[in-house]
Structure formats: C-alpha cells, structure tokens
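Enquirer: If you scroll down you'll find the structure; I have some questions about it.
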Amino acid sequence: MPDNQNQFPPDFLWGAATASYQIEGAAHEDGRGESVWDRFCATPGKVRNGDTGERACDFYHRYPDDIALMRDLGLDAFRFSIAWPRVLPEGRGRVNEAGLDFYDRLVDELLANDIEPWVTLFHWDTPQALEDEGGWPARSTAEAFGEYAEAVARRLGDRVHNWITHNEPWVHAWIGHSWGQHAPGRTSESDAVATAHHLLLSHGWAVDVIRALSPDAQVGITLNLAQSYPLNETPEDEAAAWQVDGEANRWFLDPLFRGAYPPDLLQRNELLAPFIQNGDLRTISVPTDFLGVNNYFRFLVSAGSDGPRMESDTENQHTDMGWEVYPDGLRRLLVRVARDYEPRAIYITENGAAFGDTRGHDGHVHDPERTAYLQSYIDAVGQAIGEGAPVKGYFVWSLLDNFEWSHGYSKRFGIVYIDYPTLERVPKDSFYWYREFIGSRPRAPQPSPIATG
Ligand code: FCB
C-alpha cells in the first residue's frame, strides 16, 4: 500500500466526522427549536430537490447501531456536532435538558465502546430565533454562543476532552451570508465579514468557557484551508493566488495565530472596521491546543481582468462535487501552516470525496475511487508528518452518506452507504479498506516486564 501505516506514529488518531443537521433528523423531537437550516430548506428553490434534514439518517434514534458500526470499523474517535437549537431552542436563556440528554447518551455510548467523542459546538445550525434578532452579523449572537458553550460544557465536560468551537467559519460566513447558497441565505459582503469576525470572537470566548468547565480539555477550531497555486508562474498569477490565499486562509489563520487580520486585503479591512472593538483580537488569538484542518481540494488561480479567476486542471480527476483531486496540495498546506503559524498540533478534521455510488446486484457498494482518494490523501498526510508537520489525527468525511447542504441527498460522501427509503446502512468497500488500514497500525512498544525479587 502506498499509504503505509509506518508513516504514522502508533498513537495517531483515526476517526470519522459528521455534523448534526446532516445526520440527526428528529427535527421536532424533545423540544428542539428551529434552526436556520430548517427555515432555508423550507424556502422553495434553496435546496436541490426540496430535500431537508427532517429525517436525514435518523442518527438521533439509530446512534447505538451506528456506534456498533464504528466499533467494527475500529475507530479511535468520532467527531459529531451539537445542534444549538436542541440545547437552547430560543438561542439563549432557557436550557432544554431533554436536548442535552441526547448528547449525554451519545457520549456515554461512545465511551462504552472505547471511541473518543470529539465535539464540534457549531456546524452551522444557528437557532432561527437568533437569526431573527440579527444573526451572526450582530455581536449579540457571539455573546449567545458563550451561553450555549457553557450549557454544553457544563453537561458534557466531565467526559468530553476534545472540543472544536467552530466548523469552517469561511464557509458559514461567505457561502451563507454573501453568496446566499447556504442558510441563512444572506447576500451581503458586509454581513459575511461581520459574521466571520463574530464567529472568531465567540471562538475566543468559548475557549475560556470550555477550559473552565472541562478538566484536561483540548480545545481548537476547524478551518477549511486549501493551498493556493498560481496557474502560471507569472507575477500576475502569483499575486492572484496570494489574494485568494488571503481571502480563504490567512483571513482566519492570521487573527487566530498572530492577533491581526492580513493587511493586504484593503477592501475587506475597510468593511471590517466598524465591527472590531478593543481587545477583540486578543480574545481571538487565545492560544489553542490544536488546529483542525478540513481539506478537499486546492485552488488554482489566474489573474483575470476583474480579479482572481478560479481555474481547474482538467487533466486531473474530479469528484462528484467537481472538486479536483490533488493530494499534494494537502501535503504542502500542512507543511506551510506548520511553518508559518506553529500550531501545537494539527488534526485533519475532515477529508473525503463524493462519488456517484450505487448498490450493485451483489448488494455491495464498490467505490474504488473513494478508496484511492483516501489512500492518496492519507499518504500526503504521512509525508507532511515526515516533513515536520505536527499532525496527530485524521477524520474521514464522512461516516455516513448524509444531507449535503444545498445539494440535498444527491452527493454521497460516506464510507457507509445509506439506502434513503429504508435508511439501511451498507458499508462500502472503502469502509472495509479503512478498517483494514486502521487495523494494520504498528503496535506501541510494550514496556518490558520489570524483574522483581
Ligand atoms: C465541508 C463541511 C461538511 C461537508 C463537507 C463535504 O465543507 O464542513 O459539513 O459538507 O464539506
């Protein structure tokens, strides 16, 4: 195998990742409030095929069986997110204990199966009540997030030791608030900039809250990052690639690790100015225990007449999302982030691929492209470790096929196939490959028995 386990230390963490709205279903149970994704899905024309997360994979009820699958897979860790509107149906104030009970049971079941829970507090399902009061462009939503973090950490902090505050603030800010393609569907660049700032600010506040309530907590944030390549090695294309790197990567990495927004993005800094208060950047740059990196593709950029233009190398394979398969982009990204920002540790909190899987006559799902994708990306992670990047774990996206946001159920990322009419789980060939790969890890050296007497 090209992705030899020998590239990884014996204590490297192998996991799988999911998110609440994409898998849970049970949208109206046990006092859950409405989220912006419920509202967005109910708005005609927003989500392909009119799909919604109302039922999704029904993980809310089927989690014990899914955890049995995880155990069979040999997972060390499972990353899931908490639905804020289950915990605080109005976004702040009244805590819904029944909502917390679900996560309590989930955490206990994972621990009983020797699987470490990795909790993401926010994977985009803001309570609709907060959106109605101004949403993330308003600073008060960041304050409400502190209350939410406190309620969760108070309940789960004794058993959960790994916490991710936010998932992919860039995606939530820009795709949800400027491009209008994700909930809440806003289309204002200024809203996107304010949202990104308030997400980062609330991250900083939440780190302190979690540390106070969860002994031995390891706390970090997950960013979607992608290495940016110039199409040609011309000064124009290089400048365009650097601009894209600034907008997508440095706009988050710089404030988190250096306490300053990148000065080269003049227009964006101007939009941001009214939202920054004294001390915000100190809050945002609170030291963390790890950086979570989600990576799916690279950027290939040329200088267009009205700004950077996204290109695509048609000679390379593309997934069902149209994303270019380019594993060396992940290696370069990790080495560069490690060098420029020196995070204490890095976890790949998402990586994977959608392909048009079908169930064959033999009842199985043969997905050789996904296995090849995972092999090549995992191999790239191993190479980055060899070059000094402090990567400590890898989570495949995703355990299950699930609700892929505006694409509805049309994109399958799982290593387990979901037959949506029956909700039957069918492990794909890539599941069996991952199981074998995890199972082939080198054993940690055993301490030699100490002679007594
Ligand atoms: C990431 C999201 C995740 C999933 C994958 C494919 O941007 O964090 O929820 O949609 O992409």
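By convention here, the chains of the structure tokens are called A, B, ... in the order presented, each chain's residues are numbered starting at 1, and ligands are numbered starting at 1 in the order presented.
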Write out as a ChimeraX atom specification each polymer residue whose atoms come within 9 Å of A:Ser312, counting only C-alpha atoms; drop sequence neighbours fewer than 3 positions from it.
Expert: /A:231,299-301,315-316,323-324
Enquirer: Generate the output file for the selected residues, all heavy atoms, as a compact mmCIF listing (two decimals), in the first residue's frame.
Expert:
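out.txt, freshly written:
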```txt
# COMPACT_ATOMS: atom_id res chain seq x y z
N LEU A 231 -1.71 29.61 -11.64
CA LEU A 231 -1.82 28.80 -12.86
C LEU A 231 -0.48 28.78 -13.58
O LEU A 231 0.03 27.73 -13.96
CB LEU A 231 -2.93 29.37 -13.76
CG LEU A 231 -3.16 28.62 -15.06
CD1 LEU A 231 -3.68 27.21 -14.80
CD2 LEU A 231 -4.15 29.38 -15.95
N PHE A 299 -6.61 25.34 -4.61
CA PHE A 299 -7.02 26.42 -5.51
C PHE A 299 -5.97 26.54 -6.61
O PHE A 299 -4.77 26.47 -6.33
CB PHE A 299 -7.08 27.77 -4.78
CG PHE A 299 -8.13 27.85 -3.71
CD1 PHE A 299 -7.78 28.21 -2.41
CD2 PHE A 299 -9.46 27.58 -3.99
CE1 PHE A 299 -8.74 28.30 -1.41
CE2 PHE A 299 -10.43 27.67 -2.99
CZ PHE A 299 -10.07 28.03 -1.71
N LEU A 300 -6.46 26.73 -7.81
CA LEU A 300 -5.57 27.01 -8.94
C LEU A 300 -6.07 28.34 -9.50
O LEU A 300 -7.24 28.44 -9.89
CB LEU A 300 -5.70 25.88 -9.96
CG LEU A 300 -4.74 25.89 -11.13
CD1 LEU A 300 -3.29 25.80 -10.65
CD2 LEU A 300 -5.04 24.72 -12.09
N VAL A 301 -5.19 29.34 -9.53
CA VAL A 301 -5.69 30.71 -9.73
C VAL A 301 -4.92 31.43 -10.83
O VAL A 301 -3.70 31.35 -10.91
CB VAL A 301 -5.55 31.53 -8.41
CG1 VAL A 301 -6.25 32.87 -8.53
CG2 VAL A 301 -6.10 30.75 -7.22
N GLU A 315 -6.92 17.81 -16.53
CA GLU A 315 -6.22 16.51 -16.68
C GLU A 315 -6.34 15.68 -15.42
O GLU A 315 -6.16 14.47 -15.45
CB GLU A 315 -4.74 16.76 -16.97
CG GLU A 315 -4.58 17.64 -18.16
CD GLU A 315 -3.47 17.21 -19.07
OE1 GLU A 315 -2.44 16.74 -18.56
OE2 GLU A 315 -3.66 17.36 -20.29
N ASN A 316 -6.59 16.33 -14.29
CA ASN A 316 -6.70 15.58 -13.04
C ASN A 316 -8.13 15.11 -12.82
O ASN A 316 -9.08 15.69 -13.35
CB ASN A 316 -6.26 16.45 -11.85
CG ASN A 316 -4.76 16.67 -11.86
OD1 ASN A 316 -4.01 15.84 -12.36
ND2 ASN A 316 -4.33 17.80 -11.34
N TRP A 323 -14.75 18.79 -7.54
CA TRP A 323 -13.51 19.20 -6.86
C TRP A 323 -12.33 18.38 -7.38
O TRP A 323 -12.41 17.15 -7.48
CB TRP A 323 -13.66 19.01 -5.34
CG TRP A 323 -14.71 19.88 -4.73
CD1 TRP A 323 -15.31 20.97 -5.28
CD2 TRP A 323 -15.31 19.71 -3.43
NE1 TRP A 323 -16.23 21.51 -4.41
CE2 TRP A 323 -16.26 20.76 -3.27
CE3 TRP A 323 -15.13 18.80 -2.38
CZ2 TRP A 323 -17.02 20.92 -2.11
CZ3 TRP A 323 -15.90 18.95 -1.22
CH2 TRP A 323 -16.82 20.00 -1.08
N GLU A 324 -11.23 19.10 -7.67
CA GLU A 324 -10.05 18.44 -8.22
C GLU A 324 -9.35 17.60 -7.16
O GLU A 324 -9.14 18.05 -6.04
CB GLU A 324 -9.09 19.53 -8.75
CG GLU A 324 -7.84 18.97 -9.40
CD GLU A 324 -6.82 20.05 -9.74
OE1 GLU A 324 -7.13 21.25 -9.58
OE2 GLU A 324 -5.70 19.68 -10.15
```
Enquirer: Within 10 Å of ligand 1, counting only C-alpha atoms and all ligand atoms, which protein or nucleic acid residues do you find, written as a count of residues only?
Expert: 42
Enquirer: For the interface of stretch 330-350 of chain A with stretch 243-262 of chain A (cut-off 9 Å, counting only C-alpha atoms), please tabulate each contacting residue of stretch 330-350 of chain A alongside its nearest pair of atoms and their separation in Å to one decimal, rows sorted by chain and increasing number, as a Markdown table.
Expert:
```
| residue | atom | partner | partner_atom | distance |
| --- | --- | --- | --- | --- |
| A:Val337 | CA | A:Leu253 | CA | 8.7 |
| A:Tyr341 | CA | A:Phe257 | CA | 6.1 |
| A:Glu342 | CA | A:Phe257 | CA | 8.2 |
| A:Pro343 | CA | A:Phe257 | CA | 7.9 |
```
Enquirer: State, in Å with one decimal place, the distance from atom CA of A:Glu236 to atom CA of A:Met310.
Expert: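 Value for the atom CA of A:Glu236-atom CA of A:Met310 distance: 13.7 Å.
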Enquirer: Give me the residues near A:Leu73 as a list in words, where near means some atom within 9 Å (using only C-alpha atoms) and where sequence neighbours in that chain fewer than 6 positions away do not count.
Expert: Phe431, Tyr432, Tyr434, Arg435, Glu436, Ile438 and Gly439 of chain A
Enquirer: Please compute the atom CA of A:Phe78-atom CA of A:Leu201 distance, one decimal, in Å.
Expert: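 Calculated distance between atom CA of A:Phe78 and atom CA of A:Leu201 is 26.3 Å.
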Enquirer: Can you tell me, as a PyMOL selection string, which residues in stretch 286-431 of chain A count as helix (DSSP H, G or I) by DSSP?
Expert: chain A and resi 327-341+368-386+405-410+429-431
Enquirer: Just the residues within 8 Å of stretch 207-218 of chain A, please, counting only C-alpha atoms, with nothing from its chain fewer than 4 positions along; format it as a CSV table (one decimal) with N, CA, C and O atoms, in the first residue's frame.
Expert:
```
chain,number,residue,atom,x,y,z
A,146,GLY,N,-21.6,32.1,23.7
A,146,GLY,CA,-20.9,31.8,25.0
A,146,GLY,C,-21.8,31.1,26.0
A,146,GLY,O,-21.4,30.2,26.7
A,149,ALA,N,-22.1,27.5,24.8
A,149,ALA,CA,-20.9,26.7,25.1
A,149,ALA,C,-20.9,26.3,26.5
A,149,ALA,O,-20.5,25.2,26.9
A,150,GLU,N,-21.3,27.3,27.4
A,150,GLU,CA,-21.3,27.0,28.8
A,150,GLU,C,-22.3,25.8,29.2
A,150,GLU,O,-22.0,24.9,29.9
A,153,ALA,N,-20.7,22.5,27.9
A,153,ALA,CA,-19.5,22.1,28.6
A,153,ALA,C,-19.9,21.7,30.0
A,153,ALA,O,-19.3,20.8,30.6
A,154,ARG,N,-20.8,22.4,30.6
A,154,ARG,CA,-21.3,22.0,32.0
A,154,ARG,C,-21.8,20.6,32.0
A,154,ARG,O,-21.5,19.9,32.9
A,156,LEU,N,-21.4,18.1,29.5
A,156,LEU,CA,-20.5,17.0,28.9
A,156,LEU,C,-19.0,17.1,29.3
A,156,LEU,O,-18.3,16.2,29.0
A,157,GLY,N,-18.7,18.2,29.9
A,157,GLY,CA,-17.2,18.5,30.1
A,157,GLY,C,-16.5,17.5,31.0
A,157,GLY,O,-15.3,17.4,30.9
A,158,ASP,N,-17.2,16.7,31.8
A,158,ASP,CA,-16.5,15.7,32.6
A,158,ASP,C,-16.1,14.5,31.7
A,158,ASP,O,-15.1,13.8,32.1
A,160,VAL,N,-16.1,14.6,27.9
A,160,VAL,CA,-15.6,15.0,26.6
A,160,VAL,C,-14.3,15.8,26.8
A,160,VAL,O,-14.3,16.8,27.6
A,161,HIS,N,-13.2,15.4,26.2
A,161,HIS,CA,-12.0,16.1,26.4
A,161,HIS,C,-11.5,16.8,25.1
A,161,HIS,O,-10.4,17.5,25.1
A,162,ASN,N,-12.2,16.6,24.0
A,162,ASN,CA,-11.7,17.2,22.8
A,162,ASN,C,-12.9,18.1,22.2
A,162,ASN,O,-13.9,17.6,21.9
A,163,TRP,N,-12.6,19.4,22.1
A,163,TRP,CA,-13.6,20.3,21.7
A,163,TRP,C,-13.2,21.2,20.5
A,163,TRP,O,-12.1,21.7,20.5
A,165,THR,N,-14.6,24.5,18.6
A,165,THR,CA,-15.6,25.6,18.7
A,165,THR,C,-16.4,25.7,17.5
A,165,THR,O,-17.6,25.6,17.5
A,203,HIS,N,-15.4,32.2,19.3
A,203,HIS,CA,-14.4,31.1,19.5
A,203,HIS,C,-13.5,31.4,20.7
A,203,HIS,O,-13.4,30.6,21.6
A,286,VAL,N,-6.4,33.8,21.5
A,286,VAL,CA,-6.1,33.0,22.7
A,286,VAL,C,-5.4,31.7,22.2
A,286,VAL,O,-5.8,31.1,21.2
A,288,THR,N,-4.5,28.0,21.5
A,288,THR,CA,-5.4,26.8,21.5
A,288,THR,C,-4.5,25.5,21.5
A,288,THR,O,-3.3,25.6,21.4
A,289,ASP,N,-5.1,24.4,21.7
A,289,ASP,CA,-4.4,23.1,21.8
A,289,ASP,C,-4.1,22.5,20.4
A,289,ASP,O,-3.2,21.7,20.3
A,290,PHE,N,-5.0,22.8,19.5
A,290,PHE,CA,-4.8,22.3,18.1
A,290,PHE,C,-5.5,23.1,17.1
A,290,PHE,O,-6.4,23.9,17.4
```
Enquirer: With only C-alpha atoms as the counted atoms, please give the residues lying no more than 10 Å from A:Arg441, apart from itself and same-chain residues fewer than 6 positions off, as a PyMOL selection string.
Expert: chain A and resi 4-12
